[in-house]
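Asks: Here it is: the structure, laid out below.
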Amino acid sequence: MPCRAPLLSLLLLLFLLGSVRASGAESSPHLPAPKDVMVYSYNFRSLLRWSPVKVDRGLVLYTVHFRTGAFDQWDETNCTRITQTECSFPMSLKQRRWTFVLRVRAELGQVTSEWVEAPPFVAERNTIIGPPKVNSVNVRSDSLLISVTPPFGSEAGDFIQYHVSYWENATSTTKKEKKTSNTLFKIENLKELTLYCFRIQVELMPHADLLLHGLQSVPECHRTTVSEATRDQSIILIFVSVLLVVILVTAGLFLLWKHHKTFKYWSQPPLEIPSHFEEYLKDPSMPGLDMLDNYAEDDPHDSLSVVFCGEGSQACGSSLNGQAHSRSISSESEVT
């Protein structure tokens with residue numbers, strides 16, 4: 001009996017401690033796991049992203065681990081207990097052909113959430129290849145000389161091609177294609193003084209059984225220039241036109257000076273006899289002049305007579321003197 005008492009006391013103490021631990025574990029807060037865990041890769045620059053975990057109090061931290069597809073051993077990254085909701089791939093994960101699996105969990109003090117894994121990621125299959133950078137475009141009368149830079153750094157064994165689509169005018173639907181592996185290439189056989197647009201797409205072949213198509217670039221438009229031959233022809237045409245105008249103007253002025261009398265004659269209005277005189281000349285027996293004489297007799301005012309005489313005629317002179325004398329007597333009687 002004396003030996004059993006300490007044993008029972010020890011068992012009771014262990015039971016009480018286990019109950020306290022159980023009650024403490026039940027009362028510890030539960031931390032949700034991150035959601036929307038995905039790998040995003042653009043031009044072989046990759047990072048892991050997830051949605052933030054929201055809690056009422058405290059600052060949630062995150063830890064990221066990774067492993068390769070060939071091994072089940074998880075390793076730490078440079079993202080341990082970070083506040084950001086994304087983690088860039090370290091240099092050890094830059095192999096394009098390797099398969100990587102990443103996981104992330106949330107941490108709040110001593111409390112941690114469950115691990116959440118992202119889908120397996122292979123860079124050369126899952127990355128998004130962007131369009132190349134257009135460095136310069138040299139415009140000529142019949143071609144466009146284009147210089148580009150690939151959107152990523154090439155590795156040994158990479159075969160990069162540039163798929164160029166170009167078309168005439170901004171609204172044309174007829175497109176022409178061109179493929180080249182050079183970063184400096186020319187689009188030829190174009191029309192002069194014409195607007196051309198082009199788009200460029202990168203095609204990457206890491207190995208023989210895989211071809212990756214990149215995103216197409218934004219359309220870029222340029223107008224071709226005028227050729228030297230066309231410029232010379234335009235200058236000659238303008239010179240000939242000006243010379244022809246000068247010759248025509250000079251000839252017109254010379255003709256105007258030489259035949260100015262003829263032009264003056266034709267430019268004056270024709271002389272016309274008044275209609276009543278023309279009718280009298282056609283028929284002298286018309287009573288028009290008699291009416292004028294009767295009107296002169298009834299009119300108390302002075303009248304004027306025009307007499308045509310031959311030169312040196314004495315009868316005409318005496319007649320004029322007699323008419324003048326009678327006119328003066330008539331005027332004096334009217335005044336009286």
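Residues are referred to by chain and number: the chain letter is A, B, ... according to the order shown in the structure tokens, the number counts from 1 in that chain, and ligands are numbered separately from 1 in the order shown.
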Within range 157-236 of chain A, find each residue whose DSSP state, derived from the backbone, is alpha helix (DSSP H), and express the selection as an NGL selection string.
Replies: :A and (228-236)
Asks: Enumerate as number ranges by chain all residues of range 36-196 of chain A assigned to strand (DSSP E) by DSSP on the backbone, naming them with the chain letters and numbers the document uses.
Replies: A: 36-42, 45-51, 61-68, 75-76, 86-88, 99-108, 111-112, 116-117, 121-122, 133-139, 144-149, 159-168, 175-180, 184-187, 195-196
Asks: Given the selection you just returned, output its residues as a file containing C-alpha atoms, formatted as an mmCIF file, in the first residue's frame.
Replies:
data_model
loop_
_atom_site.group_PDB
_atom_site.id
_atom_site.type_symbol
_atom_site.label_atom_id
_atom_site.label_comp_id
_atom_site.auth_asym_id
_atom_site.auth_seq_id
_atom_site.Cartn_x
_atom_site.Cartn_y
_atom_site.Cartn_z
ATOM 1 C CA ASP A 36 -4.978 31.056 -54.997
ATOM 2 C CA VAL A 37 -1.405 29.792 -54.912
ATOM 3 C CA MET A 38 -0.050 30.007 -58.468
ATOM 4 C CA VAL A 39 3.243 30.400 -60.292
ATOM 5 C CA TYR A 40 3.421 33.355 -62.713
ATOM 6 C CA SER A 41 6.210 33.436 -65.286
ATOM 7 C CA TYR A 42 6.910 36.064 -67.971
ATOM 8 C CA ARG A 45 11.193 35.512 -64.787
ATOM 9 C CA SER A 46 9.032 33.542 -62.364
ATOM 10 C CA LEU A 47 7.450 34.122 -58.964
ATOM 11 C CA LEU A 48 4.938 32.471 -56.671
ATOM 12 C CA ARG A 49 1.818 34.455 -55.704
ATOM 13 C CA TRP A 50 -1.053 33.854 -53.305
ATOM 14 C CA SER A 51 -3.953 35.650 -51.664
ATOM 15 C CA LEU A 61 3.978 36.097 -42.171
ATOM 16 C CA TYR A 62 4.598 33.596 -44.962
ATOM 17 C CA THR A 63 7.210 30.943 -45.647
ATOM 18 C CA VAL A 64 7.888 29.274 -49.007
ATOM 19 C CA HIS A 65 9.573 25.931 -49.661
ATOM 20 C CA PHE A 66 10.390 24.172 -52.918
ATOM 21 C CA ARG A 67 11.414 20.806 -54.260
ATOM 22 C CA THR A 68 12.235 19.365 -57.646
ATOM 23 C CA ASP A 75 14.219 23.090 -49.224
ATOM 24 C CA GLU A 76 13.927 26.655 -48.011
ATOM 25 C CA GLU A 86 4.708 36.827 -53.587
ATOM 26 C CA CYS A 87 8.128 35.217 -53.772
ATOM 27 C CA SER A 88 10.593 35.458 -56.657
ATOM 28 C CA THR A 99 10.086 20.556 -62.838
ATOM 29 C CA PHE A 100 9.599 22.489 -59.613
ATOM 30 C CA VAL A 101 6.927 22.283 -56.940
ATOM 31 C CA LEU A 102 6.484 25.124 -54.447
ATOM 32 C CA ARG A 103 4.441 25.391 -51.275
ATOM 33 C CA VAL A 104 3.582 28.210 -48.882
ATOM 34 C CA ARG A 105 2.095 28.512 -45.401
ATOM 35 C CA ALA A 106 0.976 31.350 -43.122
ATOM 36 C CA GLU A 107 2.437 32.016 -39.707
ATOM 37 C CA LEU A 108 1.079 34.097 -36.834
ATOM 38 C CA VAL A 111 0.636 29.304 -34.892
ATOM 39 C CA THR A 112 1.044 28.076 -38.477
ATOM 40 C CA VAL A 116 -0.532 24.739 -49.778
ATOM 41 C CA GLU A 117 1.203 23.494 -52.916
ATOM 42 C CA PHE A 121 5.943 24.273 -62.967
ATOM 43 C CA VAL A 122 8.289 23.864 -65.948
ATOM 44 C CA LYS A 133 11.597 45.274 -78.283
ATOM 45 C CA VAL A 134 11.746 47.377 -81.467
ATOM 46 C CA ASN A 135 14.890 49.482 -81.174
ATOM 47 C CA SER A 136 14.704 51.458 -84.423
ATOM 48 C CA VAL A 137 12.989 51.607 -87.820
ATOM 49 C CA ASN A 138 14.883 53.095 -90.760
ATOM 50 C CA VAL A 139 12.339 54.182 -93.393
ATOM 51 C CA LEU A 144 11.784 49.271 -93.751
ATOM 52 C CA LEU A 145 15.003 48.381 -91.914
ATOM 53 C CA ILE A 146 14.030 47.131 -88.419
ATOM 54 C CA SER A 147 16.250 46.467 -85.405
ATOM 55 C CA VAL A 148 14.884 44.371 -82.502
ATOM 56 C CA THR A 149 16.031 42.872 -79.201
ATOM 57 C CA PHE A 159 16.816 28.837 -81.698
ATOM 58 C CA ILE A 160 14.932 32.132 -81.901
ATOM 59 C CA GLN A 161 12.946 33.289 -84.927
ATOM 60 C CA TYR A 162 11.027 36.507 -85.515
ATOM 61 C CA HIS A 163 7.683 36.097 -87.252
ATOM 62 C CA VAL A 164 6.883 39.426 -88.953
ATOM 63 C CA SER A 165 3.431 40.294 -90.296
ATOM 64 C CA TYR A 166 3.099 43.476 -92.354
ATOM 65 C CA TRP A 167 0.381 45.049 -94.461
ATOM 66 C CA GLU A 168 -0.331 48.157 -96.533
ATOM 67 C CA LYS A 175 -1.088 40.609 -94.717
ATOM 68 C CA LYS A 176 2.303 39.327 -95.784
ATOM 69 C CA GLU A 177 4.540 37.126 -93.674
ATOM 70 C CA LYS A 178 8.277 37.034 -93.135
ATOM 71 C CA LYS A 179 10.463 34.925 -90.817
ATOM 72 C CA THR A 180 14.029 35.672 -89.868
ATOM 73 C CA LEU A 184 18.391 43.377 -87.929
ATOM 74 C CA PHE A 185 16.184 42.640 -90.923
ATOM 75 C CA LYS A 186 14.526 44.421 -93.843
ATOM 76 C CA ILE A 187 10.977 44.410 -95.228
ATOM 77 C CA LEU A 195 1.760 53.707 -95.025
ATOM 78 C CA TYR A 196 2.799 50.218 -93.843
#
Asks: Neighbours of His213 in chain A within 9 Å (only C-alpha atoms; same-chain residues fewer than 2 positions away dropped), as a PDB file with C-alpha atoms, in the first residue's frame?
Replies:
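After the write, out_33.pdb holds the following:
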ATOM      1  CA  ILE A 128       4.705  33.508 -71.232  1.00  0.00           C
ATOM      2  CA  ILE A 129       7.010  34.952 -73.893  1.00  0.00           C
ATOM      3  CA  GLN A 201       6.185  37.663 -82.719  1.00  0.00           C
ATOM      4  CA  VAL A 202       8.996  35.622 -81.160  1.00  0.00           C
ATOM      5  CA  GLU A 203       9.183  31.888 -81.824  1.00  0.00           C
ATOM      6  CA  LEU A 204      11.475  29.951 -79.466  1.00  0.00           C
ATOM      7  CA  MET A 205      12.583  26.394 -80.132  1.00  0.00           C
ATOM      8  CA  LEU A 211       8.159  25.321 -80.226  1.00  0.00           C
ATOM      9  CA  LEU A 215       2.886  37.406 -77.794  1.00  0.00           C
ATOM     10  CA  GLN A 216       2.560  39.670 -80.825  1.00  0.00           C
TER      11      GLN A 216
END
Asks: Out of A:Met91, A:Val246, A:Val226, A:Leu212, which residue has the shortest atom-to-atom distance to Arg140 in chain A when counting only C-alpha atoms?
Replies: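 When distances to Arg140 in chain A are compared using only C-alpha atoms, the smallest one comes from A:Val226.
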